[in-house]
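Structure file coords-v9.txt; described as compact mmCIF, C-alpha atoms.
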```txt
# COMPACT_ATOMS: atom_id res chain seq x y z
CA PRO A 11 22.05 -30.41 9.36
CA ALA A 12 24.94 -32.02 11.21
CA SER A 13 28.50 -31.36 10.09
CA LYS A 14 30.44 -34.29 8.62
CA ASP A 15 33.78 -32.77 9.69
CA CYS A 16 36.16 -34.69 11.94
CA VAL A 17 36.57 -32.90 15.23
CA VAL A 18 39.62 -33.26 17.51
CA PHE A 19 38.95 -32.67 21.20
CA GLU A 20 41.32 -31.84 24.07
CA MET A 21 41.16 -34.90 26.32
CA GLN A 22 41.34 -33.09 29.68
CA THR A 23 38.68 -30.45 29.05
CA GLY A 24 36.67 -31.88 26.18
CA SER A 25 36.98 -28.62 24.26
CA VAL A 26 37.33 -28.54 20.47
CA VAL A 27 40.97 -28.16 19.44
CA TYR A 28 40.72 -28.62 15.66
CA LYS A 29 38.05 -29.15 13.07
CA LEU A 30 39.16 -31.10 10.00
CA HIS A 31 36.79 -30.06 7.26
CA SER A 32 35.53 -32.86 5.08
CA PRO A 33 36.70 -32.94 1.45
CA SER A 34 34.83 -30.81 -1.06
CA GLY A 35 32.03 -30.02 1.38
CA GLU A 36 31.44 -33.74 1.85
CA LYS A 37 28.00 -34.53 3.27
CA LEU A 38 28.55 -38.23 3.93
CA PRO A 39 30.15 -39.41 7.18
CA ALA A 40 33.69 -40.39 8.01
CA THR A 41 33.88 -44.17 8.39
CA SER A 42 37.28 -44.63 10.05
CA VAL A 43 40.11 -42.63 11.59
CA ARG A 44 43.65 -43.83 12.31
CA PHE A 45 46.76 -42.04 13.52
CA LYS A 46 49.95 -42.62 11.58
CA PRO A 47 52.24 -44.75 13.77
CA VAL A 48 55.50 -42.86 13.13
CA ALA A 49 56.75 -39.48 11.99
CA ASP A 50 57.68 -39.35 8.31
CA ASN A 51 60.98 -38.15 6.86
CA THR A 52 59.78 -34.55 7.12
CA GLY A 53 59.43 -34.96 10.89
CA LEU A 54 55.66 -34.56 10.71
CA GLN A 55 53.81 -36.06 13.65
CA ASN A 56 50.12 -36.27 14.50
CA VAL A 57 49.00 -37.32 11.02
CA LEU A 58 45.49 -38.72 10.83
CA LEU A 59 44.06 -40.96 8.09
CA VAL A 60 40.32 -40.53 7.56
CA SER A 61 38.10 -42.54 5.23
CA TYR A 62 34.70 -41.25 4.09
CA SER A 63 31.72 -43.27 2.90
CA SER A 64 31.74 -41.21 -0.31
CA GLY A 65 35.07 -42.77 -1.35
CA TYR A 66 37.57 -40.19 -0.16
CA VAL A 67 40.62 -41.17 1.88
CA GLN A 68 42.38 -38.15 3.33
CA GLN A 69 45.54 -37.57 5.36
CA TRP A 70 45.44 -34.67 7.80
CA HIS A 71 48.07 -32.91 9.86
CA VAL A 72 46.05 -32.61 13.05
CA ALA A 73 48.10 -29.83 14.69
CA THR A 74 47.55 -27.43 11.78
CA GLY A 75 44.27 -28.79 10.39
CA LYS A 76 45.97 -28.97 6.98
CA SER A 77 45.04 -31.61 4.42
CA LEU A 78 48.22 -33.41 3.35
CA SER A 79 46.72 -35.58 0.62
CA ILE A 80 43.48 -36.99 -0.65
CA ALA A 81 42.66 -40.08 -2.69
CA GLU A 82 39.30 -40.39 -4.38
CA GLU A 83 38.04 -43.94 -4.82
CA LYS A 84 35.19 -45.02 -7.06
CA ARG A 85 33.41 -46.88 -4.27
CA GLN A 86 32.01 -46.50 -0.80
CA THR A 87 35.08 -46.56 1.44
CA LEU A 88 34.45 -48.11 4.84
CA VAL A 89 37.88 -48.46 6.46
CA ALA A 90 41.51 -47.38 6.14
CA ALA A 91 44.69 -48.21 8.07
CA TYR A 92 48.40 -47.33 8.11
CA SER A 93 51.17 -49.92 7.90
CA SER A 94 53.39 -50.29 10.97
CA ASP A 95 56.20 -48.36 9.29
CA GLY A 96 53.82 -45.63 8.07
CA LEU A 97 55.07 -45.89 4.48
CA THR A 98 51.80 -47.27 3.10
CA TYR A 99 48.13 -47.23 3.94
CA ALA A 100 45.31 -49.43 2.74
CA SER A 101 41.58 -48.94 2.36
CA SER A 102 38.60 -51.10 1.64
CA GLY A 103 34.89 -50.82 1.14
CA ASN A 104 31.85 -52.11 -0.65
CA ASP A 105 33.66 -53.62 -3.65
CA ASN A 106 35.51 -56.31 -1.60
CA LYS A 107 38.97 -55.09 -2.69
CA LEU A 108 41.83 -53.71 -0.62
CA LEU A 109 43.70 -50.80 -2.19
CA VAL A 110 47.27 -50.16 -0.99
CA TYR A 111 48.66 -46.61 -1.28
CA ASP A 112 52.05 -44.99 -0.96
CA THR A 113 51.68 -42.62 2.00
CA ALA A 114 53.93 -39.91 0.57
CA THR A 115 52.06 -39.60 -2.75
CA SER A 116 48.63 -41.19 -2.04
CA THR A 117 49.18 -43.20 -5.23
CA CYS A 118 47.54 -46.62 -5.32
CA ASN A 119 50.30 -49.16 -5.94
CA ALA A 120 48.48 -52.47 -5.31
CA THR A 121 45.01 -53.95 -5.47
CA LEU A 122 44.37 -57.03 -3.35
CA GLU A 123 41.32 -59.07 -4.27
CA ALA A 124 39.90 -62.55 -4.75
CA SER A 125 40.94 -64.49 -7.81
CA SER A 126 38.41 -65.60 -10.40
CA SER A 127 38.64 -69.20 -9.11
CA LEU A 128 35.27 -70.86 -8.51
CA THR A 129 36.81 -73.56 -6.30
CA GLN A 130 38.92 -71.46 -3.94
CA MET A 131 38.00 -68.55 -1.68
CA ASP A 132 41.14 -66.41 -1.66
CA GLY A 133 39.59 -63.03 -0.97
CA HIS A 134 36.38 -61.37 0.13
CA GLU A 135 33.06 -61.93 -1.62
CA SER A 136 31.33 -58.95 -0.03
CA ARG A 137 31.94 -55.60 1.69
CA VAL A 138 35.01 -55.24 3.89
CA PHE A 139 34.37 -53.39 7.14
CA ALA A 140 37.56 -54.00 9.16
CA LEU A 141 41.21 -53.70 8.17
CA LYS A 142 44.44 -53.76 10.18
CA TYR A 143 48.13 -54.08 9.37
CA HIS A 144 50.34 -56.49 11.30
CA PRO A 145 51.99 -54.61 14.22
CA THR A 146 55.57 -55.31 13.08
CA ASP A 147 55.41 -56.55 9.47
CA PRO A 148 54.31 -53.74 7.11
CA ASN A 149 53.56 -56.25 4.31
CA ILE A 150 50.87 -58.20 6.18
CA LEU A 151 47.23 -57.13 6.57
CA VAL A 152 44.13 -58.74 7.99
CA SER A 153 40.58 -57.86 6.97
CA ALA A 154 37.05 -58.87 7.90
CA GLY A 155 33.99 -58.72 5.70
CA TRP A 156 30.27 -59.21 5.46
CA ASP A 157 31.03 -62.60 3.92
CA ASP A 158 31.79 -63.81 7.49
CA THR A 159 35.48 -64.36 6.78
CA VAL A 160 38.72 -62.96 8.10
CA GLN A 161 41.29 -62.79 5.32
CA PHE A 162 45.07 -62.57 5.70
CA TRP A 163 46.97 -60.70 2.99
CA ASP A 164 50.57 -60.12 1.98
CA LYS A 165 50.58 -56.89 -0.04
CA ARG A 166 53.20 -58.42 -2.36
CA VAL A 167 50.61 -61.07 -3.42
CA GLU A 168 47.35 -60.17 -5.18
CA ASN A 169 45.14 -62.74 -3.44
CA SER A 170 44.50 -63.64 0.18
CA ILE A 171 47.10 -66.01 1.64
CA ARG A 172 44.87 -67.45 4.38
CA LYS A 173 41.34 -67.17 5.75
CA ILE A 174 39.25 -67.91 8.80
CA SER A 175 35.57 -68.60 8.24
```

Before anything else, please render the file you have as structure tokens.
Amino acid sequence: PASKDCVVFEMQTGSVVYKLHSPSGEKLPATSVRFKPVADNTGLQNVLLVSYSSGYVQQWHVATGKSLSIAEEKRQTLVAAYSSDGLTYASSGNDNKLLVYDTATSTCNATLEASSSLTQMDGHESRVFALKYHPTDPNILVSAGWDDTVQFWDKRVENSIRKIS
């Protein structure tokens, strides 16, 4: 059977540099990978955020192959992304919610989701497969889902602030 590990290759030669072993012998695939945009206060660079379809979201130090943190979600996780300042990351998946985490502790500190309103669509109604933070504002995210909408979020507000459908 194929390995579900993330493999880092040397760009010039194509040789394997590091193998990041999936959490707990994970047999389901990684669904997204993102490099952290800046070094943290420890000076760590080359940190990679990996989401797994089993619900794990893991931060790796690529140069050492060391797992820095892991969050276990009770859903199928499809995508994860770092904020522009690297202080938070968000994930989303099959439950149409965005979870926002503190990067240093991997503690979830916000859940962004649609309200219970039947007259207003202010969040996703289905799986979310794409997620990206604004390039300069670490509070703003954009997501796309199987509900054929693009939702704009401010992580300080629980519901979507704008949508394109």

Which residue, A:Ser153, A:Asn169, A:Ser79, A:Asn56, has the smallest gap to Leu122 in chain A when you use all atoms listed in the file?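 Looking at the shortest contact to Leu122 in chain A, the residue is A:Asn169.
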
Could you list, as a tab-separated table (two decimals) with C-alpha atoms, keeping the file's coordinate frame, every residue within 7 Å of Cys16 in chain A, counting all atoms listed in the file and ignoring same-chain residues fewer than 2 positions away?
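In the end it all went to selection27.tsv:
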```tsv
chain	number	residue	atom	x	y	z
A	14	LYS	CA	30.44	-34.29	8.62
A	18	VAL	CA	39.62	-33.26	17.51
A	29	LYS	CA	38.05	-29.15	13.07
A	30	LEU	CA	39.16	-31.10	10.00
A	31	HIS	CA	36.79	-30.06	7.26
```

Long-range neighbours of Glu82 in chain A as a PDB file with C-alpha atoms, keeping the file's coordinate frame, 10 Å cut-off, all atoms listed in the file, 6 positions minimum in chain:
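What follows is the written file selection.pdb:
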```
ATOM      1  CA  PRO A  33      36.700 -32.940   1.450  1.00  0.00           C
ATOM      2  CA  SER A  61      38.100 -42.540   5.230  1.00  0.00           C
ATOM      3  CA  TYR A  62      34.700 -41.250   4.090  1.00  0.00           C
ATOM      4  CA  SER A  64      31.740 -41.210  -0.310  1.00  0.00           C
ATOM      5  CA  GLY A  65      35.070 -42.770  -1.350  1.00  0.00           C
ATOM      6  CA  TYR A  66      37.570 -40.190  -0.160  1.00  0.00           C
ATOM      7  CA  VAL A  67      40.620 -41.170   1.880  1.00  0.00           C
ATOM      8  CA  GLN A  68      42.380 -38.150   3.330  1.00  0.00           C
ATOM      9  CA  SER A 116      48.630 -41.190  -2.040  1.00  0.00           C
TER      10      SER A 116
END
```

**OP:** Could you jot down the CA of Gln55 in chain A to CA of Glu20 in chain A separation for me, Å, one decimal place?
**Re:**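 According to the coordinates, CA of Gln55 in chain A and CA of Glu20 in chain A are separated by 16.8 Å.
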
Across A:Ile80, A:Leu88, A:Ala114, A:Lys173, the smallest distance to Leu54 in chain A, with only C-alpha atoms counted, is shown by A:Ala114

Q. So what do you get for CA of Ser25 in chain A versus CA of Thr74 in chain A, distance-wise?
A.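 Taking CA of Ser25 in chain A as the start and CA of Thr74 in chain A as the end point, the length is 16.4 Å.
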
Note to self: Here is a test: counting all atoms listed in the file, which residue of A:Ala124, A:Val160, A:Val27, A:Ala91 is nearest to Val72 in chain A?
What the structure shows: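 The closest residue to Val72 in chain A is A:Val27.
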
Exercise. Work out how far apart CA of Ser175 in chain A and CA of Asn106 in chain A are and give it in Å to one decimal.
Key: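 Those two atoms sit 15.7 Å apart.
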
Just want the 7 Å neighbourhood of range 137-150 of chain A, counted on only C-alpha atoms, with same-chain residues fewer than 4 positions away dropped. Output as a short mmCIF file (atom, residue, chain, number, x, y, z; two decimals) with C-alpha atoms, in the frame of the given file.
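For reference, out01.cif as written:
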```
data_model
loop_
_atom_site.label_atom_id
_atom_site.label_comp_id
_atom_site.auth_asym_id
_atom_site.auth_seq_id
_atom_site.Cartn_x
_atom_site.Cartn_y
_atom_site.Cartn_z
CA LEU A 88 34.45 -48.11 4.84
CA VAL A 89 37.88 -48.46 6.46
CA ALA A 90 41.51 -47.38 6.14
CA ALA A 91 44.69 -48.21 8.07
CA TYR A 92 48.40 -47.33 8.11
CA SER A 93 51.17 -49.92 7.90
CA SER A 94 53.39 -50.29 10.97
CA ASP A 95 56.20 -48.36 9.29
CA SER A 102 38.60 -51.10 1.64
CA GLY A 103 34.89 -50.82 1.14
CA ASN A 104 31.85 -52.11 -0.65
CA ASP A 105 33.66 -53.62 -3.65
CA ASN A 106 35.51 -56.31 -1.60
CA ALA A 154 37.05 -58.87 7.90
CA GLY A 155 33.99 -58.72 5.70
CA TRP A 156 30.27 -59.21 5.46
CA TRP A 163 46.97 -60.70 2.99
CA ASP A 164 50.57 -60.12 1.98
CA LYS A 165 50.58 -56.89 -0.04
#
```

Just checking: using all atoms listed in the file, which residue out of A:Val152, A:Leu38, A:Met21, A:Leu58 ends up closest to Thr87 in chain A?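 When distances to Thr87 in chain A are compared using all atoms listed in the file, the smallest one comes from A:Leu38.
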
Neighbour list for Thr113 in chain A as a ChimeraX atom specification, cut-off 10 Å, all atoms listed in the file, skip fewer than 5 positions in-chain: /A:46,50,59,69,78-79,92-93,96-100,118

- Query: Any idea what's packed within 12 Å of Val167 in chain A, counting only C-alpha atoms, ignoring anything in its chain fewer than 5 positions away? Could you give it as a ChimeraX atom specification?
  - Reply: /A:108,110,120-125,132-133,149-151,162,172

Pull C-alpha atoms from the residues just selected and write them as a PDB file, keeping the file's coordinate frame.
```pdb
ATOM      1  CA  LEU A 108      41.830 -53.710  -0.620  1.00  0.00           C
ATOM      2  CA  VAL A 110      47.270 -50.160  -0.990  1.00  0.00           C
ATOM      3  CA  ALA A 120      48.480 -52.470  -5.310  1.00  0.00           C
ATOM      4  CA  THR A 121      45.010 -53.950  -5.470  1.00  0.00           C
ATOM      5  CA  LEU A 122      44.370 -57.030  -3.350  1.00  0.00           C
ATOM      6  CA  GLU A 123      41.320 -59.070  -4.270  1.00  0.00           C
ATOM      7  CA  ALA A 124      39.900 -62.550  -4.750  1.00  0.00           C
ATOM      8  CA  SER A 125      40.940 -64.490  -7.810  1.00  0.00           C
ATOM      9  CA  ASP A 132      41.140 -66.410  -1.660  1.00  0.00           C
ATOM     10  CA  GLY A 133      39.590 -63.030  -0.970  1.00  0.00           C
ATOM     11  CA  ASN A 149      53.560 -56.250   4.310  1.00  0.00           C
ATOM     12  CA  ILE A 150      50.870 -58.200   6.180  1.00  0.00           C
ATOM     13  CA  LEU A 151      47.230 -57.130   6.570  1.00  0.00           C
ATOM     14  CA  PHE A 162      45.070 -62.570   5.700  1.00  0.00           C
ATOM     15  CA  ARG A 172      44.870 -67.450   4.380  1.00  0.00           C
TER      16      ARG A 172
END
```
